[in-house]
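**Q** The structure is given below, and queries will be raised subsequently.
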Amino acid sequence: MVTLRQLFLANNAQTTDFPLLLEIERAVGVYMYDVQGKPYIDLISGIGVSNLGHGNPYVIKAIKEQVDKYMHLMVYGEYVQTPQVRFAEKLVSLLPEHLDSVYFVNSGAEAVEGALKLAKRFTGRSQIIACHNSYHGSTQGALSVMGNEDYKQAYRPLLPGINFIRFNNVDDLHLITKQTACVIIETVQGEAGIRVPDKTYMQALRKRCMETGTLLILDEIQAAFGRTGKLFAFEHFDIVPDILVLAKALGGGMPIGAFIAPKELMSSLKENPILGHITTFGGHPVCCAAGLAAIEVLLSDNLIEQVDVKAALFRQLLVHPAIKEVRGKGLMLAVELENFELNKKIIDRCIENGVIVDWFLHCTNSMRIAPPLIIAPDEIRKACEVIIEAINYYQ
């Protein structure tokens with residue numbers, strides 16, 4: 001009899017020659033369970049998606065109630081759909097006053113594409129500046145602003161007019177000029193191995209963009225919704241973007257993204273030509289219902305207020321001569337080791353022993369720690385014990 005794993009390898013498109021091949025039957029809270037019932041602590045939240053953990057009952061209830069009413073009705077932006085309206089209303093209420101127009105899409109990459117188009121359309125400029133070691137998605141436009149040539153060279157030519165600056169380096173800000181449509185930057189760099197910029201740098205970046213009439217796009221696809229200890233990561237730096245890009249935890253486990261901007265900017269997509277950005281499934285009513293429920297749980301359960309304490313516990317427990325550094329913000333952490341070979345061995349042993357961790361695309365010697373925000377202190381201790389044991393095993 002053909003196994004599910006064999007069918008997966010035969011019929012599902014593969015992204016590497018070495019997939020993890022875990023067969024997960026169910027997931028609850030911070031745990032995932034394979035077909036043999038073995039539990040795994042999910043320390044990466046599906047790469048920043050499951051901030052509330054798996055199977056939150058309030059989110060599931062919202063999904064089921066919406067499914068009973070309606071699912072897809074029409075392409076985005078034509079019908080007045082209650083889940084979209086209520087979700088946008090909630091997001092706007094939590095953001096600075098001028099970020100008052102929400103465009104829902106399907107993913108983070110699509111949100112980036114929309115944000116880049118909006119910046120070019122509104123400013124009438126074509127030059128875009130991004131950062132070295134950045135990651136914004138894998139579609140053509142998002143790939144164009146990725147700051148790692150290894151992942152791009154096979155797909156060139158990409159978008160023209162892209163320049164790169166060093167993250168957290170004020171000496172490069174002069175490269176932002178009156179020909180620059182936008183700067184797109186992760187508020188906290190993710191795939192670079194969790195790099196947190198200085199407040200002075202972010203404020204200087206904001207100032208330079210204002211001086212040159214350049215739009216500042218902040219990509220918080222990984223960093224938003226409490227991950228860094230604030231609802232939105234830009235709150236750490238006392239700045240506000242012109243365009244905010246969201247996804248991952250936005251949908252409470254369902255696929256959805258958004259780019260958010262002032263109405264004045266967003267309105268430029270409506271004319272010359274009309275339908276300047278369109279999407280069939282963007283803002284799917286079931287995803288919007290799930291996302292609204294997820295935000296309500298996040299705020300009502302005071303999960304954000306607990307992030308720094310839980311992060312401190314990770315830092316306290318992840319101490320070992322082989323660990324060169326634990327860096328990050330809140331529960332968005334990187335554990336730096338000697339090299340990728342050691343890191344990969346430790347990751348594999350952790351998974352074997354029931355703790356899911358991972359590495360970063362642009363920083364392969366560092367281990368990703370980004371658990372659901374609901375993780376309890378005893379679960380943190382248990383997970384850290386497994387990590388330390390794996391490090392000791394290879395020392």
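Following the order of the structure tokens, first chain is A, next is B, and so on, with residues numbered from 1 inside each chain and ligands from 1 in the order they appear.
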Run DSSP on the backbone of this structure and report the residues of stretch 120-226 of chain A it assigns to strand (DSSP E), as a list in words.
**A**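 Assigned to strand (DSSP E), within stretch 120-226 of chain A: Gln127, Ile128, Ile129, Ala130, Cys131, Ile162, Asn163, Phe164, Ile165, Thr180, Ala181, Cys182, Val183, Ile184, Ile185, Glu186, Leu215, Leu216, Ile217, Leu218 and Asp219 of chain A.
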**Q** Env of A:Leu342: 12 Å cut, atoms = only C-alpha atoms, seq-sep filter 2 positions within chain, self excluded. Answer as a count of residues only.
**A** 24
**Q** Determine, counting only C-alpha atoms, which protein, DNA and RNA residues have an atom within 12 Å of an atom of A:Ala154; residues of the same chain fewer than 3 positions away are not included. Present the result as a PyMOL selection string.
**A** chain A and resi 140+143-144+148-151+157-158
**Q** Mind writing the picked residues with C-alpha atoms as a PDB file, in the first residue's frame?
**A**
```pdb
ATOM      1  CA  GLN A 140       9.122  38.482  -8.768  1.00  0.00           C
ATOM      2  CA  LEU A 143      12.404  38.719  -4.860  1.00  0.00           C
ATOM      3  CA  SER A 144      13.740  41.868  -6.526  1.00  0.00           C
ATOM      4  CA  ASN A 148      20.635  37.985  -0.956  1.00  0.00           C
ATOM      5  CA  GLU A 149      21.957  37.346  -4.447  1.00  0.00           C
ATOM      6  CA  ASP A 150      22.181  33.570  -3.937  1.00  0.00           C
ATOM      7  CA  TYR A 151      18.394  33.304  -4.054  1.00  0.00           C
ATOM      8  CA  PRO A 157      16.316  39.761 -14.915  1.00  0.00           C
ATOM      9  CA  LEU A 158      14.127  41.028 -12.087  1.00  0.00           C
TER      10      LEU A 158
END
```
**Q** Can you tell me, as a PyMOL selection string, what residues are no more than 12 Å from A:Phe164 when counting only C-alpha atoms, ignoring any on the same chain fewer than 3 positions away?
**A** chain A and resi 127-134+144-149+161+167+169+172-176+180+182-185
**Q** What would the file look like if the residues just selected were written as a compact mmCIF listing (two decimals), in the first residue's frame with C-alpha atoms?
**A**
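As a result, out.txt now contains:
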```
# COMPACT_ATOMS: atom_id res chain seq x y z
CA GLN A 127 13.69 53.74 -7.94
CA ILE A 128 13.27 51.43 -4.93
CA ILE A 129 15.70 50.98 -2.06
CA ALA A 130 15.86 47.84 0.08
CA CYS A 131 18.36 46.41 2.55
CA HIS A 132 21.11 43.85 2.27
CA ASN A 133 20.05 40.50 3.82
CA SER A 134 16.38 41.46 3.62
CA SER A 144 13.74 41.87 -6.53
CA VAL A 145 13.99 43.58 -3.13
CA MET A 146 15.51 40.55 -1.39
CA GLY A 147 19.01 41.33 -0.21
CA ASN A 148 20.64 37.98 -0.96
CA GLU A 149 21.96 37.35 -4.45
CA GLY A 161 15.92 50.31 -10.41
CA PHE A 167 20.60 47.76 7.52
CA ASN A 169 23.87 51.98 8.98
CA ASP A 172 24.01 54.78 3.60
CA LEU A 173 20.94 56.99 4.05
CA HIS A 174 22.29 59.58 1.61
CA LEU A 175 21.51 57.06 -1.15
CA ILE A 176 17.83 57.88 -0.58
CA THR A 180 13.49 57.21 -4.76
CA CYS A 182 10.19 54.08 -1.52
CA VAL A 183 12.43 52.41 0.98
CA ILE A 184 11.18 48.98 1.97
CA ILE A 185 12.66 47.66 5.18
```
**Q** Which distance in Å separates atom CA of A:His236 and atom CA of A:Ser267, to one decimal?
**A**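 Atom CA of A:Ser267 lies at a distance of 29.1 Å from atom CA of A:His236.
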**Q** Measure the distance from atom CA of A:Glu211 to atom CA of A:Phe122 in Å and round it to one decimal.
**A**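 About the pair atom CA of A:Glu211 and atom CA of A:Phe122: they are 16.6 Å apart.
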**Q** So which residues touch A:Leu20 within 12 Å, counting only C-alpha atoms, skipping near sequence neighbours fewer than 5 positions away, as a ChimeraX atom specification?
**A** /A:5,8-9,14-15,347-348,351-352,356-358
**Q** Next, dump the selected residues to file, keeping only N, CA and C atoms, as a compact mmCIF listing (two decimals), in the first residue's frame.
**A**
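Final output, saved to again_22.txt:
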```txt
# COMPACT_ATOMS: atom_id res chain seq x y z
N ARG A 5 3.35 9.49 2.91
CA ARG A 5 4.66 10.10 2.67
C ARG A 5 5.10 9.88 1.22
N PHE A 8 3.12 12.13 -0.99
CA PHE A 8 3.62 13.50 -0.84
C PHE A 8 4.84 13.72 -1.73
N LEU A 9 5.77 12.79 -1.67
CA LEU A 9 6.99 12.92 -2.47
C LEU A 9 6.72 12.76 -3.96
N GLN A 14 8.09 19.85 -4.55
CA GLN A 14 9.04 19.90 -3.46
C GLN A 14 9.86 21.19 -3.53
N THR A 15 10.22 21.73 -2.38
CA THR A 15 11.03 22.95 -2.35
C THR A 15 12.49 22.65 -2.07
N ILE A 347 19.54 21.24 15.35
CA ILE A 347 18.13 21.37 14.96
C ILE A 347 17.51 20.00 14.74
N ASP A 348 18.21 19.14 14.01
CA ASP A 348 17.67 17.81 13.71
C ASP A 348 17.48 16.99 15.00
N ILE A 351 14.40 18.27 16.88
CA ILE A 351 13.16 17.77 16.27
C ILE A 351 12.95 16.30 16.64
N GLU A 352 14.02 15.53 16.57
CA GLU A 352 13.94 14.12 16.95
C GLU A 352 13.46 13.96 18.39
N ILE A 356 10.49 21.66 17.82
CA ILE A 356 10.64 22.16 16.46
C ILE A 356 11.36 23.50 16.49
N VAL A 357 12.58 23.53 15.93
CA VAL A 357 13.32 24.77 15.72
C VAL A 357 13.77 24.79 14.26
N ASP A 358 14.40 25.88 13.85
CA ASP A 358 14.75 26.02 12.44
C ASP A 358 15.92 26.98 12.31
```
**Q** Mind checking DSSP for stretch 128-361 of chain A and telling me the helix (DSSP H, G or I) residues as a ChimeraX atom specification?
**A** /A:140-144,149-151,153-155,170-175,199-212,233-237,248-251,263-270,285-300,304-317,340-352
**Q** Name the residues in contact with stretch 91-108 of chain A at a cut-off of 7 Å, using only C-alpha atoms, excluding same-chain residues fewer than 5 positions from it; report them as number ranges by chain.
**A** A: 137, 221, 246-248, 255-263, 266, 279, 281-283
**Q** Mind dumping the selected residues with C-alpha atoms as a PDB file, in the first residue's frame?
**A**
```
ATOM      1  CA  GLY A 137       8.826  37.048  -0.193  1.00  0.00           C
ATOM      2  CA  ILE A 221       5.071  40.342   8.193  1.00  0.00           C
ATOM      3  CA  LEU A 246       1.275  42.636   7.383  1.00  0.00           C
ATOM      4  CA  ALA A 247       0.629  38.890   7.034  1.00  0.00           C
ATOM      5  CA  LYS A 248       1.556  35.665   8.890  1.00  0.00           C
ATOM      6  CA  PRO A 255      -3.908  32.784   4.864  1.00  0.00           C
ATOM      7  CA  ILE A 256      -4.217  36.558   4.549  1.00  0.00           C
ATOM      8  CA  GLY A 257      -2.023  39.612   4.093  1.00  0.00           C
ATOM      9  CA  ALA A 258      -2.578  43.357   3.973  1.00  0.00           C
ATOM     10  CA  PHE A 259      -0.907  46.612   3.065  1.00  0.00           C
ATOM     11  CA  ILE A 260      -2.169  49.664   4.914  1.00  0.00           C
ATOM     12  CA  ALA A 261      -1.695  53.318   3.957  1.00  0.00           C
ATOM     13  CA  PRO A 262      -3.414  56.700   4.134  1.00  0.00           C
ATOM     14  CA  LYS A 263      -6.516  56.997   1.950  1.00  0.00           C
ATOM     15  CA  MET A 266      -4.413  54.154  -1.551  1.00  0.00           C
ATOM     16  CA  THR A 279      -7.082  40.202  -6.291  1.00  0.00           C
ATOM     17  CA  PHE A 281      -9.387  35.901  -3.053  1.00  0.00           C
ATOM     18  CA  GLY A 282      -7.836  38.782  -1.109  1.00  0.00           C
ATOM     19  CA  GLY A 283      -9.701  39.449   2.114  1.00  0.00           C
TER      20      GLY A 283
END
```
**Q** Between atom CA of A:Leu118 and atom CA of A:Cys209, what is the spacing in Å?
**A** 15.9 Å
**Q** Using only C-alpha atoms, determine which residues lie at most 8 Å from A:Ile239, disregarding the query and same-chain residues fewer than 3 positions distant; provide the list as a list in words.
**A** Met202, Gln203, Arg206, Phe234 and Glu235 of chain A
**Q** Identify which of the residues A:Ile278, A:Met210, A:Ile63, A:Ile217 lies closest to A:Thr177, counting only C-alpha atoms when measuring atom-to-atom distances.
**A** A:Met210
**Q** From the set A:Val319, A:Ala233, A:Arg121, A:Val355, which residue has the shortest atom-to-atom contact distance to A:Pro273, counting only C-alpha atoms?
**A** A:Arg121
**Q** Quick one: of A:Arg195, A:His54, A:Lys69, A:Arg227, who's nearest to A:Glu305, counting only C-alpha atoms?
**A**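 Checking each of A:Arg195, A:His54, A:Lys69, A:Arg227 against A:Glu305, counting only C-alpha atoms, the winner is A:Arg227.
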**Q** Counting only C-alpha atoms, which residues in stretch 174-287 of chain A sit no more than 10 Å from stretch 44-47 of chain A? For each one, give the nearest pair of atoms and the distance in Å, sorted by chain then residue number, as a tab-separated table.
**A**
```
residue	atom	partner	partner_atom	distance
A:Gly190	CA	A:Ile47	CA	9.9
A:Gln222	CA	A:Ile47	CA	7.8
A:Lys248	CA	A:Ile47	CA	8.0
A:Ala249	CA	A:Ser45	CA	9.1
A:Gly253	CA	A:Gly46	CA	9.0
```
**Q** Keeping only N, CA and C atoms, write the selected residues to a file as a PDB file, in the first residue's frame.
**A**
```pdb
ATOM      1  N   GLY A 190      14.222  39.604   9.755  1.00  0.00           N
ATOM      2  CA  GLY A 190      13.946  38.229  10.144  1.00  0.00           C
ATOM      3  C   GLY A 190      14.956  37.227   9.640  1.00  0.00           C
ATOM      4  N   GLN A 222       6.642  39.364   9.778  1.00  0.00           N
ATOM      5  CA  GLN A 222       7.019  38.495  10.896  1.00  0.00           C
ATOM      6  C   GLN A 222       6.885  39.179  12.253  1.00  0.00           C
ATOM      7  N   LYS A 248       1.244  36.693   7.898  1.00  0.00           N
ATOM      8  CA  LYS A 248       1.556  35.665   8.890  1.00  0.00           C
ATOM      9  C   LYS A 248       0.547  35.625  10.037  1.00  0.00           C
ATOM     10  N   ALA A 249       0.836  36.213  11.194  1.00  0.00           N
ATOM     11  CA  ALA A 249      -0.076  36.128  12.342  1.00  0.00           C
ATOM     12  C   ALA A 249      -1.367  36.911  12.137  1.00  0.00           C
ATOM     13  N   GLY A 253      -3.851  31.969  11.747  1.00  0.00           N
ATOM     14  CA  GLY A 253      -3.658  30.629  11.196  1.00  0.00           C
ATOM     15  C   GLY A 253      -4.246  30.463   9.809  1.00  0.00           C
TER      16      GLY A 253
END
```
**Q** A:His136, A:Lys90, A:Lys324, A:Arg208: which is nearest A:Asp171, counting only C-alpha atoms?
**A** A:Arg208
**Q** Which residues of stretch 189-242 of chain A come within 12 Å of stretch 109-116 of chain A, and for each one, what is the closest pair of atoms and their distance in Å to one decimal, counting only C-alpha atoms, sorted by chain and residue number, as JSON lines?
**A**
```
{"residue": "A:Leu215", "atom": "CA", "partner": "A:Leu116", "partner_atom": "CA", "distance": 9.8}
{"residue": "A:Leu216", "atom": "CA", "partner": "A:Ala115", "partner_atom": "CA", "distance": 10.1}
{"residue": "A:Ile217", "atom": "CA", "partner": "A:Ala115", "partner_atom": "CA", "distance": 7.4}
{"residue": "A:Leu218", "atom": "CA", "partner": "A:Ala115", "partner_atom": "CA", "distance": 9.7}
{"residue": "A:Asp219", "atom": "CA", "partner": "A:Val112", "partner_atom": "CA", "distance": 7.8}
{"residue": "A:Glu220", "atom": "CA", "partner": "A:Val112", "partner_atom": "CA", "distance": 10.4}
{"residue": "A:Ile221", "atom": "CA", "partner": "A:Ala109", "partner_atom": "CA", "distance": 9.1}
{"residue": "A:Gln222", "atom": "CA", "partner": "A:Ala109", "partner_atom": "CA", "distance": 11.9}
{"residue": "A:Pro241", "atom": "CA", "partner": "A:Ala115", "partner_atom": "CA", "distance": 11.7}
{"residue": "A:Asp242", "atom": "CA", "partner": "A:Ala115", "partner_atom": "CA", "distance": 9.9}
```
**Q** So, counting only C-alpha atoms, which residue among A:Gly226, A:Pro19, A:Gly252, A:Gly55 is closest to A:Met332?
**A** A:Gly226
**Q** Which of these residues is nearest to A:Gly77, using only C-alpha atoms: A:Glu191, A:Asp17, A:Asn168, A:Leu269?
**A**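 Once distances to A:Gly77 are computed over only C-alpha atoms, the minimum belongs to A:Leu269.
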